[in-house]
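Worksheet: the structure to be examined is printed underneath.
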Amino acid sequence: MSAEVVGRVVSLHRYPVKSMGGERLEAARITARGMEGDRTGALVDRETGRVVSAKRPRMWGAVYALSASFERENGAASIRVRFEDGTTLSSVRRKGLEARLSALLGREVAFATEAVGRATCEYHWPDMEGLVQDGRTYRDEITEWELPPGTFFDSSGLHALTTASLDHLRELAPGSDFDVGRFRPNLVIEPVAGARGFVENDWVGGTLEIGRARLQVTKPCMRCVMVTLPLGDLPKDPRVLRAAFDHNDGNVGVKCEVAGPGAVRVGDEVRLG
């Protein structure tokens with residue numbers, strides 16, 4: 001049975017440094033690990049050894065206001081971090097970058113481009129009723145979790161999101177701004193005409209064929225406190241997370257693993273097999 005056309009790619013995004021803003025692309029290379037350049041770097045708290053994540057915003061929220069870009073020249077990869085004042089510093093000059101970041105955060109951090117062993121992060125569950133994961137209710141707690149070995153991903157290597165889900169959330173909670181930037185997807189997909197609601201929930205267990213790449217859809221994407229944080233002109237809005245839990249068990253979008261590497265482009269047809 002041939003794969004069914006379920007939509008087309010309308011934007012591509014990567015985030016070279018964990019918890020920082022990223023860059024929008026017209027084309028990307030999907031490797032066995034994920035999108036080339038995505039979560040290639042991360043900050044590490046020198047005192048605790050934990051990977052820095054804006055999921056604990058009171059400690060690390062300033063990281064979320066920064067952005068990063070990935071560059072490859074003559075086979076060598078580097079990352080440029082852009083600060084709020086417009087200054088950019090390269091990972092090639094790591095000591096200077098680390099000093100600027102440490103001063104900003106008020107804690108000594110290292111800039112890492114390789115995850116050693118099982119890295120860990122912390123997550124703050126906000127003071128909100130009904131936040132349930134794996135049968136347990138959390139409220140105003142700090143929890144710790146392990147990242148996949150050798151990576152700076154929270155779990156899966158790719159995140160896909162449909163415009164239908166964002167449109168549906170806007171209908172359900174019209175007082176909030178469900179800008180795509182809040183959700184940090186790698187692939188934004190416009191589904192076929194007539195598809196409404198959280199359509200990508202039905203893709204779990206299937207394989208997406210996009211350009212020359214094949215992606216195994218593994219599970220819905222559980223959202224966290226980061227979707228509520230101020231971002232550019234977007235205000236802090238706890239109702240964004242509330243809407244996800246009230247209407248889709250806390251999920252918006254789906255997580256994917258690479259079944260077949262290849263190039264993808266904006267405009268590519270998306271097939272589900």
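Labeling convention for the structure tokens: chains A, B, ... as they appear, residues from 1 per chain, ligands from 1 in order of appearance.
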
Mind checking DSSP for region 46-147 of chain A and telling me the helix (DSSP H, G or I) residues as a ChimeraX atom specification?
/A:57-65,91-105

Can you tell me which residues surround Glu47 (chain A) at a distance of at most 12 Å, considering only C-alpha atoms, apart from same-chain residues fewer than 4 positions away, and format the answer as a PyMOL selection string?
chain A and resi 51-52+102+107-110

If you keep N, CA, C and O atoms, can you produce a file of those selected residues as a compact mmCIF listing (two decimals), in the first residue's frame?
```
# COMPACT_ATOMS: atom_id res chain seq x y z
N VAL A 51 23.26 19.80 32.63
CA VAL A 51 23.05 20.60 31.42
C VAL A 51 22.03 21.70 31.73
O VAL A 51 21.01 21.45 32.37
N VAL A 52 22.33 22.89 31.30
CA VAL A 52 21.46 24.04 31.54
C VAL A 52 20.21 23.94 30.67
O VAL A 52 20.29 23.66 29.47
N SER A 102 28.73 33.19 31.59
CA SER A 102 28.79 33.06 33.05
C SER A 102 28.41 34.37 33.72
O SER A 102 27.69 34.40 34.73
N ARG A 107 26.45 32.40 37.22
CA ARG A 107 27.00 31.10 37.61
C ARG A 107 28.03 30.70 36.56
O ARG A 107 27.90 31.05 35.39
N GLU A 108 29.03 29.94 36.98
CA GLU A 108 30.06 29.50 36.06
C GLU A 108 29.52 28.37 35.18
O GLU A 108 29.06 27.34 35.69
N VAL A 109 29.53 28.60 33.87
CA VAL A 109 29.07 27.58 32.94
C VAL A 109 30.15 27.28 31.91
O VAL A 109 30.97 28.14 31.57
N ALA A 110 30.13 26.06 31.43
CA ALA A 110 30.99 25.64 30.32
C ALA A 110 30.13 25.53 29.07
O ALA A 110 28.93 25.25 29.15
```

Write out as a PyMOL selection string the residues lying within 12 Å of Met35 (chain A), counting only C-alpha atoms and excluding same-chain residues fewer than 4 positions away.
chain A and resi 12-16+25+27-31+39-40+70+153+156-160+185-187+213+215+256-258+260-265

Expressed in Å to a single decimal, how great is the separation between CA of Glu190 (chain A) and CA of Gly267 (chain A)?
9.7 Å

Please report the interatomic distance between CA of Asp38 (chain A) and CA of Ala115 (chain A) in Å with one decimal.
13.4 Å

All residues 10 Å or closer to Tyr138 (chain A), only C-alpha atoms, same chain fewer than 3 positions away omitted, as a list in words:
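Within the cut-off, the hits are His124, Trp125, Pro126, Asp127, Met128, Glu129, Gly130, Leu131, Val132, Gln133, Gly135, Glu141, Ile142 and Thr143 of chain A.
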
I'd like the neighbourhood of Ala193 (chain A) as a PyMOL selection string, where a residue qualifies if any of its atoms comes within 12 Å (using only C-alpha atoms), though same-chain residues fewer than 3 positions away should be ignored.
chain A and resi 5-8+163-164+190+196+199

Residues from last step as file, C-alpha atoms, as a compact mmCIF listing (two decimals), in the first residue's frame:
```txt
# COMPACT_ATOMS: atom_id res chain seq x y z
CA VAL A 5 -0.10 12.43 1.31
CA VAL A 6 -0.92 14.14 4.62
CA GLY A 7 0.54 17.62 4.08
CA ARG A 8 3.56 19.69 3.12
CA THR A 163 -0.47 24.19 11.68
CA ALA A 164 -3.80 22.44 12.38
CA GLU A 190 0.49 22.17 6.90
CA ARG A 196 -8.57 19.78 11.70
CA VAL A 199 -4.11 15.63 13.48
```

Polymer residues at most 9 Å from Arg118 (chain A), only C-alpha atoms, same-chain spacing of 3 or more positions, as a ChimeraX atom specification:
/A:115,146-151

Store the residues picked out above, limited to C-alpha atoms, as a compact mmCIF listing (two decimals), in the first residue's frame.
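File written: result-v1.txt
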```txt
# COMPACT_ATOMS: atom_id res chain seq x y z
CA ALA A 115 27.65 15.11 25.71
CA GLU A 146 18.50 11.92 31.95
CA LEU A 147 19.05 12.97 28.35
CA PRO A 148 19.51 10.27 25.72
CA PRO A 149 23.14 9.04 25.84
CA GLY A 150 25.56 11.19 23.90
CA THR A 151 23.02 13.92 23.04
```

Would you please work out which residue, of A:Arg182, A:Ala173, A:Leu104, A:Asp45, is nearest to Ala119 (chain A) when using only C-alpha atoms?
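Counting only C-alpha atoms, the residue closest to Ala119 (chain A) is A:Asp45.
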
Nearest-residue call for Val92 (chain A), choices A:Asn74, A:Ser176, A:Thr113, A:Ser19, using only C-alpha atoms
A:Thr113

Could you tell me, as a PyMOL selection string, which residues of region 49-122 of chain A DSSP assigns to strand (DSSP E or B) when given the backbone?
chain A and resi 51+67-73+76-82+88-90+109-112+120-122

Using only C-alpha atoms, which of A:Lys219, A:Lys18, A:Arg136, A:Arg242 sits nearest Trp60 (chain A)?
A:Lys18
